[in-house]
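Have a look at protein29.pdb; it's PDB, C-alpha atoms:
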```
ATOM      1  CA  MET A  34      -4.774  24.824 -70.695
ATOM      2  CA  LYS A  35      -1.306  25.277 -72.091
ATOM      3  CA  LYS A  36      -2.391  28.678 -73.391
ATOM      4  CA  VAL A  37      -3.567  29.753 -69.968
ATOM      5  CA  PHE A  38      -0.297  28.613 -68.448
ATOM      6  CA  PHE A  39       1.755  30.600 -70.896
ATOM      7  CA  SER A  40      -0.312  33.727 -70.534
ATOM      8  CA  LEU A  41       0.035  33.386 -66.770
ATOM      9  CA  LEU A  42       3.765  32.987 -67.225
ATOM     10  CA  ALA A  43       3.829  36.081 -69.396
ATOM     11  CA  LEU A  44       1.889  37.956 -66.736
ATOM     12  CA  VAL A  45       4.326  36.881 -64.023
ATOM     13  CA  ALA A  46       7.222  37.893 -66.242
ATOM     14  CA  THR A  47       5.732  41.362 -66.748
ATOM     15  CA  PHE A  48       5.271  41.747 -63.025
ATOM     16  CA  SER A  49       8.799  40.780 -62.149
ATOM     17  CA  LEU A  50      10.054  43.182 -64.808
ATOM     18  CA  SER A  51       7.972  46.008 -63.380
ATOM     19  CA  ALA A  52       9.347  45.190 -59.942
ATOM     20  CA  GLN A  53      12.586  46.593 -61.356
ATOM     21  CA  GLY A  54      11.015  49.720 -62.744
ATOM     22  CA  LYS A  55      11.999  53.321 -62.219
ATOM     23  CA  PHE A  56      12.345  55.186 -58.974
ATOM     24  CA  PHE A  57      11.819  58.904 -58.876
ATOM     25  CA  SER A  58      11.423  62.039 -56.833
ATOM     26  CA  LYS A  59      10.151  65.471 -57.770
ATOM     27  CA  ASP A  60      11.141  66.885 -54.394
ATOM     28  CA  ALA A  61      14.867  66.238 -54.499
ATOM     29  CA  ASN A  62      17.004  68.526 -52.361
ATOM     30  CA  VAL A  63      19.697  70.198 -54.392
ATOM     31  CA  ALA A  64      22.346  72.382 -52.789
ATOM     32  CA  PHE A  65      24.724  74.619 -54.692
ATOM     33  CA  ASP A  66      27.750  75.528 -52.651
ATOM     34  CA  ALA A  67      30.476  77.936 -53.775
ATOM     35  CA  ASN A  68      31.761  78.648 -50.277
ATOM     36  CA  SER A  69      35.146  80.236 -49.948
ATOM     37  CA  PRO A  70      37.049  80.840 -46.726
ATOM     38  CA  LEU A  71      35.813  84.446 -46.915
ATOM     39  CA  GLU A  72      32.157  83.952 -47.685
ATOM     40  CA  LYS A  73      29.384  81.437 -47.208
ATOM     41  CA  ILE A  74      27.671  81.076 -50.565
ATOM     42  CA  GLU A  75      25.040  78.415 -50.492
ATOM     43  CA  GLY A  76      21.788  78.069 -52.418
ATOM     44  CA  LYS A  77      19.188  75.403 -51.914
ATOM     45  CA  THR A  78      16.045  74.115 -53.560
ATOM     46  CA  ASN A  79      13.804  71.197 -52.707
ATOM     47  CA  LYS A  80      12.237  70.952 -56.121
ATOM     48  CA  GLY A  81      14.752  68.966 -58.143
ATOM     49  CA  THR A  82      13.747  65.832 -60.007
ATOM     50  CA  LEU A  83      15.661  62.563 -59.874
ATOM     51  CA  VAL A  84      14.883  59.388 -61.803
ATOM     52  CA  ILE A  85      16.822  56.140 -61.443
ATOM     53  CA  ASP A  86      16.076  53.272 -63.779
ATOM     54  CA  ALA A  87      16.596  50.098 -61.764
ATOM     55  CA  ALA A  88      16.793  47.995 -64.918
ATOM     56  CA  THR A  89      19.676  49.873 -66.539
ATOM     57  CA  GLY A  90      21.253  52.043 -63.841
ATOM     58  CA  LYS A  91      20.527  55.204 -65.811
ATOM     59  CA  VAL A  92      20.116  58.411 -63.842
ATOM     60  CA  GLU A  93      18.396  61.625 -64.835
ATOM     61  CA  SER A  94      17.976  64.801 -62.894
ATOM     62  CA  ALA A  95      16.788  68.350 -63.490
ATOM     63  CA  VAL A  96      16.469  71.511 -61.485
ATOM     64  CA  LEU A  97      15.051  75.015 -62.014
ATOM     65  CA  ILE A  98      17.652  77.692 -61.354
ATOM     66  CA  LYS A  99      15.187  80.282 -60.065
ATOM     67  CA  GLY A 100      14.145  77.805 -57.410
ATOM     68  CA  PHE A 101      17.488  78.164 -55.598
ATOM     69  CA  HIS A 102      17.272  80.324 -52.518
ATOM     70  CA  PHE A 103      20.083  81.960 -50.603
ATOM     71  CA  LYS A 104      20.094  83.482 -47.143
ATOM     72  CA  SER A 105      21.042  86.805 -48.671
ATOM     73  CA  ALA A 106      18.589  88.264 -51.177
ATOM     74  CA  LEU A 107      21.441  90.100 -52.882
ATOM     75  CA  MET A 108      23.391  86.876 -53.309
ATOM     76  CA  GLU A 109      20.313  85.247 -54.828
ATOM     77  CA  GLU A 110      19.960  88.171 -57.238
ATOM     78  CA  HIS A 111      23.606  87.896 -58.309
ATOM     79  CA  PHE A 112      23.335  84.110 -58.677
ATOM     80  CA  ASN A 113      20.358  84.527 -61.023
ATOM     81  CA  GLU A 114      21.343  87.625 -62.951
ATOM     82  CA  ASN A 115      25.136  87.676 -63.126
ATOM     83  CA  TYR A 116      26.268  84.075 -62.847
ATOM     84  CA  MET A 117      23.625  81.548 -63.893
ATOM     85  CA  GLU A 118      21.618  83.974 -66.077
ATOM     86  CA  SER A 119      18.458  82.100 -65.145
ATOM     87  CA  GLY A 120      16.328  84.204 -67.497
ATOM     88  CA  LYS A 121      18.257  82.737 -70.426
ATOM     89  CA  PHE A 122      19.065  79.332 -68.945
ATOM     90  CA  PRO A 123      16.202  78.441 -66.606
ATOM     91  CA  LYS A 124      17.062  74.758 -66.194
ATOM     92  CA  SER A 125      20.034  72.637 -65.339
ATOM     93  CA  THR A 126      19.974  68.939 -66.211
ATOM     94  CA  PHE A 127      22.053  65.828 -65.716
ATOM     95  CA  ALA A 128      21.844  62.495 -67.554
ATOM     96  CA  GLY A 129      24.192  59.616 -66.990
ATOM     97  CA  ASP A 130      24.841  56.103 -65.767
ATOM     98  CA  ILE A 131      25.700  54.480 -62.483
ATOM     99  CA  THR A 132      28.898  52.809 -63.644
ATOM    100  CA  ASN A 133      29.031  50.261 -60.810
ATOM    101  CA  PHE A 134      25.308  49.502 -60.836
ATOM    102  CA  SER A 135      26.000  45.770 -61.052
ATOM    103  CA  SER A 136      27.319  45.936 -57.480
ATOM    104  CA  VAL A 137      23.948  47.178 -56.223
ATOM    105  CA  ASN A 138      21.891  44.187 -55.101
ATOM    106  CA  LEU A 139      18.216  45.157 -55.205
ATOM    107  CA  LYS A 140      17.332  42.011 -53.302
ATOM    108  CA  LYS A 141      19.466  42.898 -50.315
ATOM    109  CA  ASP A 142      18.711  45.848 -48.042
ATOM    110  CA  GLY A 143      21.571  48.202 -47.492
ATOM    111  CA  THR A 144      23.388  51.374 -48.498
ATOM    112  CA  TYR A 145      25.487  51.019 -51.625
ATOM    113  CA  PRO A 146      28.202  53.431 -52.705
ATOM    114  CA  ILE A 147      27.835  54.369 -56.360
ATOM    115  CA  GLN A 148      29.868  56.042 -59.057
ATOM    116  CA  ILE A 149      28.122  58.137 -61.661
ATOM    117  CA  LYS A 150      29.292  59.300 -65.064
ATOM    118  CA  GLY A 151      27.328  61.521 -67.382
ATOM    119  CA  ASN A 152      26.690  64.952 -68.812
ATOM    120  CA  LEU A 153      25.768  68.021 -66.827
ATOM    121  CA  THR A 154      24.138  70.967 -68.537
ATOM    122  CA  MET A 155      24.345  74.265 -66.709
ATOM    123  CA  HIS A 156      24.350  77.866 -67.939
ATOM    124  CA  GLY A 157      23.725  76.487 -71.444
ATOM    125  CA  VAL A 158      26.961  74.450 -71.486
ATOM    126  CA  THR A 159      27.089  70.639 -71.454
ATOM    127  CA  LYS A 160      30.154  68.915 -70.003
ATOM    128  CA  PRO A 161      30.984  65.380 -68.935
ATOM    129  CA  VAL A 162      31.130  64.976 -65.158
ATOM    130  CA  GLU A 163      31.714  62.248 -62.619
ATOM    131  CA  ALA A 164      30.215  61.990 -59.173
ATOM    132  CA  LYS A 165      30.147  59.793 -56.124
ATOM    133  CA  GLY A 166      27.002  58.962 -54.271
ATOM    134  CA  SER A 167      24.960  56.317 -52.584
ATOM    135  CA  LEU A 168      21.757  54.353 -52.983
ATOM    136  CA  VAL A 169      19.640  52.951 -50.196
ATOM    137  CA  VAL A 170      17.866  49.682 -51.007
ATOM    138  CA  LYS A 171      14.994  48.558 -48.825
ATOM    139  CA  GLY A 172      12.462  45.810 -49.483
ATOM    140  CA  GLY A 173      13.403  45.447 -53.141
ATOM    141  CA  ALA A 174      13.064  49.168 -53.816
ATOM    142  CA  ILE A 175      15.542  52.026 -54.105
ATOM    143  CA  THR A 176      14.314  54.319 -51.357
ATOM    144  CA  ASN A 177      17.003  57.020 -51.340
ATOM    145  CA  GLY A 178      19.594  58.351 -53.707
ATOM    146  CA  SER A 179      22.293  60.956 -53.315
ATOM    147  CA  ALA A 180      25.280  62.264 -55.242
ATOM    148  CA  ALA A 181      27.881  64.994 -54.943
ATOM    149  CA  PHE A 182      29.294  66.778 -57.988
ATOM    150  CA  LYS A 183      32.204  69.145 -58.224
ATOM    151  CA  VAL A 184      32.151  71.578 -61.099
ATOM    152  CA  LEU A 185      34.567  74.245 -62.246
ATOM    153  CA  MET A 186      32.585  77.424 -62.875
ATOM    154  CA  ALA A 187      34.880  78.381 -65.751
ATOM    155  CA  ASP A 188      33.985  75.123 -67.563
ATOM    156  CA  TYR A 189      30.421  76.335 -67.810
ATOM    157  CA  GLY A 190      31.231  79.817 -69.007
ATOM    158  CA  ILE A 191      30.441  81.346 -65.628
ATOM    159  CA  ALA A 192      32.842  84.223 -65.178
ATOM    160  CA  ILE A 193      33.685  85.439 -61.706
ATOM    161  CA  PRO A 194      34.664  89.117 -61.694
ATOM    162  CA  ALA A 195      38.160  89.830 -60.403
ATOM    163  CA  ALA A 196      36.781  92.024 -57.598
ATOM    164  CA  VAL A 197      35.075  89.076 -55.918
ATOM    165  CA  LYS A 198      37.270  86.223 -57.083
ATOM    166  CA  ASP A 199      38.530  85.512 -53.569
ATOM    167  CA  LYS A 200      35.029  85.388 -52.179
ATOM    168  CA  ILE A 201      33.587  82.773 -54.554
ATOM    169  CA  ALA A 202      35.012  79.281 -54.906
ATOM    170  CA  LYS A 203      36.196  78.497 -58.430
ATOM    171  CA  GLU A 204      34.942  74.977 -57.950
ATOM    172  CA  ALA A 205      31.329  74.651 -56.831
ATOM    173  CA  LYS A 206      29.882  71.658 -55.069
ATOM    174  CA  ILE A 207      26.456  70.427 -56.088
ATOM    175  CA  ASP A 208      24.775  67.974 -53.743
ATOM    176  CA  ILE A 209      21.593  66.172 -54.576
ATOM    177  CA  SER A 210      19.629  63.868 -52.319
ATOM    178  CA  ALA A 211      16.131  62.486 -52.499
ATOM    179  CA  ALA A 212      13.710  60.019 -51.028
ATOM    180  CA  LEU A 213      12.536  57.984 -54.013
ATOM    181  CA  GLN A 214       9.201  56.505 -54.914
ATOM    182  CA  LYS A 215       8.412  53.847 -57.428
ATOM    183  CA  LEU A 216       7.172  55.348 -60.660
ATOM    184  CA  VAL A 217       3.681  54.049 -61.358
ATOM    185  CA  LYS A 218       2.535  54.463 -64.916
TER     186      LYS A 218
ATOM    187  CA  MET B  10      42.651 121.821 -45.110
ATOM    188  CA  LEU B  11      44.122 118.312 -44.929
ATOM    189  CA  LYS B  12      42.119 117.678 -41.766
ATOM    190  CA  ARG B  13      38.947 118.698 -43.608
ATOM    191  CA  ILE B  14      39.671 116.259 -46.465
ATOM    192  CA  ILE B  15      40.284 113.433 -44.051
ATOM    193  CA  GLN B  16      37.072 114.296 -42.209
ATOM    194  CA  LEU B  17      35.039 114.264 -45.416
ATOM    195  CA  GLY B  18      36.725 111.084 -46.531
ATOM    196  CA  LEU B  19      35.853 109.383 -43.265
ATOM    197  CA  ILE B  20      32.220 110.481 -43.495
ATOM    198  CA  ALA B  21      31.994 109.170 -47.067
ATOM    199  CA  LEU B  22      33.532 105.896 -45.951
ATOM    200  CA  VAL B  23      31.013 105.435 -43.137
ATOM    201  CA  ILE B  24      28.068 106.242 -45.451
ATOM    202  CA  GLY B  25      29.426 103.885 -48.105
ATOM    203  CA  ALA B  26      29.913 101.078 -45.604
ATOM    204  CA  GLY B  27      26.389 101.712 -44.284
ATOM    205  CA  ILE B  28      24.866 101.448 -47.761
ATOM    206  CA  GLY B  29      26.921  98.330 -48.475
ATOM    207  CA  TYR B  30      25.857  96.766 -45.199
ATOM    208  CA  TYR B  31      22.195  97.581 -45.901
ATOM    209  CA  MET B  32      22.367  96.177 -49.462
ATOM    210  CA  TRP B  33      24.025  92.992 -48.272
ATOM    211  CA  ASN B  34      21.373  92.430 -45.621
ATOM    212  CA  LYS B  35      18.361  93.574 -47.584
ATOM    213  CA  PRO B  36      15.489  91.156 -47.082
ATOM    214  CA  HIS B  37      14.011  88.962 -49.795
ATOM    215  CA  GLU B  38      11.423  90.951 -51.692
ATOM    216  CA  SER B  39       7.916  90.146 -50.532
ATOM    217  CA  ILE B  40       5.425  88.767 -53.034
ATOM    218  CA  GLY B  41       3.495  91.753 -54.363
ATOM    219  CA  LYS B  42       0.391  92.204 -56.439
ATOM    220  CA  PRO B  43      -0.007  89.484 -59.082
ATOM    221  CA  SER B  44       0.360  90.627 -62.692
ATOM    222  CA  ILE B  45      -1.147  87.398 -64.039
ATOM    223  CA  VAL B  46      -4.233  85.714 -62.579
ATOM    224  CA  THR B  47      -4.822  82.160 -63.745
ATOM    225  CA  THR B  48      -5.988  78.679 -62.746
ATOM    226  CA  ALA B  49      -3.891  75.551 -62.264
ATOM    227  CA  THR B  50      -5.664  73.961 -65.236
ATOM    228  CA  GLU B  51      -4.897  76.871 -67.558
ATOM    229  CA  LEU B  52      -1.291  77.155 -66.367
ATOM    230  CA  ALA B  53      -0.609  73.441 -66.900
ATOM    231  CA  ALA B  54      -2.297  73.547 -70.310
ATOM    232  CA  ASP B  55      -0.159  76.525 -71.392
ATOM    233  CA  PHE B  56       3.054  74.727 -70.388
ATOM    234  CA  GLY B  57       1.834  71.513 -72.032
ATOM    235  CA  LYS B  58       1.131  73.330 -75.306
ATOM    236  CA  ASP B  59       4.337  75.306 -75.741
ATOM    237  CA  GLU B  60       6.861  75.347 -72.910
ATOM    238  CA  ASN B  61       9.004  78.122 -74.421
ATOM    239  CA  GLU B  62       6.069  80.476 -74.843
ATOM    240  CA  ALA B  63       4.819  79.640 -71.358
ATOM    241  CA  MET B  64       8.307  80.311 -69.927
ATOM    242  CA  LYS B  65       8.297  83.775 -71.516
ATOM    243  CA  LYS B  66       4.819  84.528 -70.234
ATOM    244  CA  TYR B  67       4.991  83.188 -66.681
ATOM    245  CA  VAL B  68       8.686  83.070 -65.765
ATOM    246  CA  GLY B  69      10.072  85.965 -67.834
ATOM    247  CA  SER B  70      13.274  86.003 -69.820
ATOM    248  CA  ASP B  71      15.065  89.024 -68.338
ATOM    249  CA  GLY B  72      15.655  87.731 -64.813
ATOM    250  CA  LYS B  73      12.886  89.901 -63.331
ATOM    251  CA  SER B  74      10.231  88.028 -61.385
ATOM    252  CA  ILE B  75       6.599  87.902 -62.424
ATOM    253  CA  VAL B  76       4.084  87.405 -59.637
ATOM    254  CA  ILE B  77       1.310  85.059 -60.689
ATOM    255  CA  GLN B  78      -1.858  84.098 -58.909
ATOM    256  CA  VAL B  79      -3.143  80.574 -59.357
ATOM    257  CA  SER B  80      -6.284  78.902 -58.077
ATOM    258  CA  GLY B  81      -7.186  75.244 -57.882
ATOM    259  CA  LYS B  82      -8.070  72.246 -55.756
ATOM    260  CA  ILE B  83      -5.356  70.642 -53.611
ATOM    261  CA  THR B  84      -4.636  67.040 -54.618
ATOM    262  CA  ASP B  85      -1.605  66.462 -52.407
ATOM    263  CA  VAL B  86       0.092  68.089 -49.431
ATOM    264  CA  LYS B  87       3.735  67.366 -48.806
ATOM    265  CA  ASN B  88       5.182  68.627 -45.557
ATOM    266  CA  ASP B  89       8.771  67.776 -44.697
ATOM    267  CA  THR B  90      11.893  69.390 -43.307
ATOM    268  CA  SER B  91      12.502  71.284 -46.525
ATOM    269  CA  GLY B  92       9.052  72.894 -46.601
ATOM    270  CA  ILE B  93       5.424  72.551 -47.599
ATOM    271  CA  THR B  94       4.405  71.819 -51.194
ATOM    272  CA  LEU B  95       0.817  71.777 -52.412
ATOM    273  CA  ALA B  96      -0.079  69.978 -55.642
ATOM    274  CA  LEU B  97      -3.064  71.445 -57.481
ATOM    275  CA  ASP B  98      -5.544  69.626 -59.680
ATOM    276  CA  THR B  99      -5.062  70.395 -63.369
ATOM    277  CA  GLY B 100      -7.317  67.717 -64.810
ATOM    278  CA  ASP B 101      -4.205  66.193 -66.374
ATOM    279  CA  PRO B 102      -2.165  63.807 -64.191
ATOM    280  CA  ILE B 103       0.922  64.181 -66.383
ATOM    281  CA  ASN B 104       1.032  67.981 -66.266
ATOM    282  CA  GLY B 105       0.748  68.973 -62.633
ATOM    283  CA  VAL B 106       1.189  72.244 -60.783
ATOM    284  CA  SER B 107       3.209  72.328 -57.550
ATOM    285  CA  CYS B 108       3.110  75.304 -55.202
ATOM    286  CA  VAL B 109       5.955  75.705 -52.720
ATOM    287  CA  LEU B 110       4.996  77.802 -49.697
ATOM    288  CA  ASP B 111       7.350  80.730 -49.123
ATOM    289  CA  LYS B 112       9.898  80.280 -46.375
ATOM    290  CA  PHE B 113      10.816  83.965 -46.192
ATOM    291  CA  THR B 114       7.258  84.963 -45.234
ATOM    292  CA  LYS B 115       5.458  84.097 -42.037
ATOM    293  CA  GLN B 116       2.634  81.981 -43.445
ATOM    294  CA  PRO B 117      -0.804  82.823 -42.006
ATOM    295  CA  ARG B 118      -1.636  79.114 -42.129
ATOM    296  CA  THR B 119       0.040  75.798 -42.879
ATOM    297  CA  ASP B 120      -2.843  73.386 -42.255
ATOM    298  CA  TYR B 121      -3.841  72.893 -45.883
ATOM    299  CA  LYS B 122      -5.974  69.840 -46.657
ATOM    300  CA  VAL B 123      -6.445  67.721 -49.772
ATOM    301  CA  GLY B 124      -9.657  68.679 -51.567
ATOM    302  CA  GLU B 125      -9.568  72.310 -50.459
ATOM    303  CA  GLU B 126      -9.870  75.104 -53.049
ATOM    304  CA  VAL B 127      -7.022  77.592 -52.720
ATOM    305  CA  LYS B 128      -5.854  80.861 -54.265
ATOM    306  CA  LEU B 129      -2.112  81.383 -54.019
ATOM    307  CA  LYS B 130       0.338  83.862 -55.458
ATOM    308  CA  GLY B 131       4.026  83.311 -56.037
ATOM    309  CA  LEU B 132       6.812  83.193 -58.610
ATOM    310  CA  CYS B 133       6.770  80.597 -61.365
ATOM    311  CA  THR B 134      10.222  79.056 -61.822
ATOM    312  CA  GLY B 135       9.440  76.815 -64.801
ATOM    313  CA  LYS B 136       8.509  73.213 -65.467
ATOM    314  CA  LEU B 137      10.188  69.934 -64.598
ATOM    315  CA  THR B 138       7.624  67.175 -64.159
ATOM    316  CA  ASP B 139       5.248  69.772 -62.730
ATOM    317  CA  VAL B 140       4.987  73.486 -63.271
ATOM    318  CA  VAL B 141       6.571  74.866 -60.096
ATOM    319  CA  ILE B 142       5.343  78.018 -58.383
ATOM    320  CA  ASP B 143       7.800  79.056 -55.745
ATOM    321  CA  ARG B 144       7.510  81.375 -52.733
ATOM    322  CA  CYS B 145       3.733  80.984 -52.527
ATOM    323  CA  VAL B 146       1.599  82.980 -50.104
ATOM    324  CA  PRO B 147      -2.207  83.136 -49.943
ATOM    325  CA  ALA B 148      -3.795  85.610 -52.375
ATOM    326  CA  GLU B 149      -6.896  87.391 -51.167
TER     327      GLU B 149
END
```

Since I need it in another form, could you write the structure as structure tokens?
Amino acid sequence: MKKVFFSLLALVATFSLSAQGKFFSKDANVAFDANSPLEKIEGKTNKGTLVIDAATGKVESAVLIKGFHFKSALMEEHFNENYMESGKFPKSTFAGDITNFSSVNLKKDGTYPIQIKGNLTMHGVTKPVEAKGSLVVKGGAITNGSAAFKVLMADYGIAIPAAVKDKIAKEAKIDISAALQKLVK
Amino acid sequence: MLKRIIQLGLIALVIGAGIGYYMWNKPHESIGKPSIVTTATELAADFGKDENEAMKKYVGSDGKSIVIQVSGKITDVKNDTSGITLALDTGDPINGVSCVLDKFTKQPRTDYKVGEEVKLKGLCTGKLTDVVIDRCVPAE
């Protein structure tokens, strides 16, 4: 009898642990924005991945560079060939932590502001970055996640030719947002 | 003589501006004839085996796009504000294939159903959780 009780207890414990689990999306919207006052330069993809571990507050994200689309085909070509060199560096990844994850109460519905710290790899260069974002908690699950990064192109070895330096922002904005699902293994 | 030079200069300027304007507004290239014909199962298996080799073969390493045709059975249809994505059966739940319908082309149809066999062509962009084929249009 005691044995049954303990195995039941163990079962319950496993369940409550898995209720924490990981939340993910493979259809995250990622926008790359290097707008300057002279030119609108904005690329978007809806095929980013985002994983948030609700037990640890760890965040991981990845995106395929060739998946970014621009209104102008020429801009898209330049983005791929001259700046991001997507043939050589097809992926961009981020891995980090939500530093204020303890302030996110998974038992209480609401939108929580978050701070993120981690490493961003882009154009083959990895640099530490910080970002601000938010998490939406609903019914014990993280249903949405978003974050906004600011990156200096020069930090990632992306050179902007002098001829167009006024048209492209030196600091790009990268926005990511996703509706998350619980990861079922 | 000076008038002539100015005239020629003006003509050159107009032509140059015209070419520049055309280049800037050139449309996104349409998806042409596929150079690789494969199945979702084979594509996923190739990426599962050796991602680097598969990247070279299906995505290309020089920035030029490779049009690939892929066939398979739809296992999931996702239709939201950012577009339509079809997941194809690969026989391996961990290595999926996702096809994003092209937004720059007027799609002949958007009413895809789970279970349907499809043949699509598009540009492979690489692999995250799934192998992603972008800018998909129906292949004949």

Selection result for the ChimeraX specification (/B :<12) & /A on this file, as a PyMOL selection string | chain A and resi 57-64+77-84+93-126+210-212+217-218

Hits of the PyMOL selection byres ((chain B and resi 44) around 9) in this structure, as a PyMOL selection string | chain B and resi 41-43+45-46+75-78

Around the point (30.3, 59.1, -64.3) in the file's coordinates, collect all residues with an atom within 9 Å, using only C-alpha atoms, and return them as a PDB file with C-alpha atoms, keeping the file's coordinate frame.
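Output contents, as saved in result37.pdb:
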```pdb
ATOM      1  CA  GLY A 129      24.192  59.616 -66.990  1.00  0.00           C
ATOM      2  CA  ASP A 130      24.841  56.103 -65.767  1.00  0.00           C
ATOM      3  CA  ILE A 131      25.700  54.480 -62.483  1.00  0.00           C
ATOM      4  CA  THR A 132      28.898  52.809 -63.644  1.00  0.00           C
ATOM      5  CA  GLN A 148      29.868  56.042 -59.057  1.00  0.00           C
ATOM      6  CA  ILE A 149      28.122  58.137 -61.661  1.00  0.00           C
ATOM      7  CA  LYS A 150      29.292  59.300 -65.064  1.00  0.00           C
ATOM      8  CA  GLY A 151      27.328  61.521 -67.382  1.00  0.00           C
ATOM      9  CA  ASN A 152      26.690  64.952 -68.812  1.00  0.00           C
ATOM     10  CA  PRO A 161      30.984  65.380 -68.935  1.00  0.00           C
ATOM     11  CA  VAL A 162      31.130  64.976 -65.158  1.00  0.00           C
ATOM     12  CA  GLU A 163      31.714  62.248 -62.619  1.00  0.00           C
ATOM     13  CA  ALA A 164      30.215  61.990 -59.173  1.00  0.00           C
ATOM     14  CA  LYS A 165      30.147  59.793 -56.124  1.00  0.00           C
TER      15      LYS A 165
END
```

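The space separating CA of Phe127 in chain A from CA of Thr159 in chain A comes to 9.0 Å.
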
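Near (14.1, 55.3, -62.8), the residues inside the 9 Å limit, counting only C-alpha atoms, come to Gln53, Gly54, Lys55, Phe56, Phe57, Leu83, Val84, Ile85, Asp86, Ala87, Ala88, Thr89, Gly90, Lys91, Val92, Glu93, Lys215 and Leu216 of chain A.
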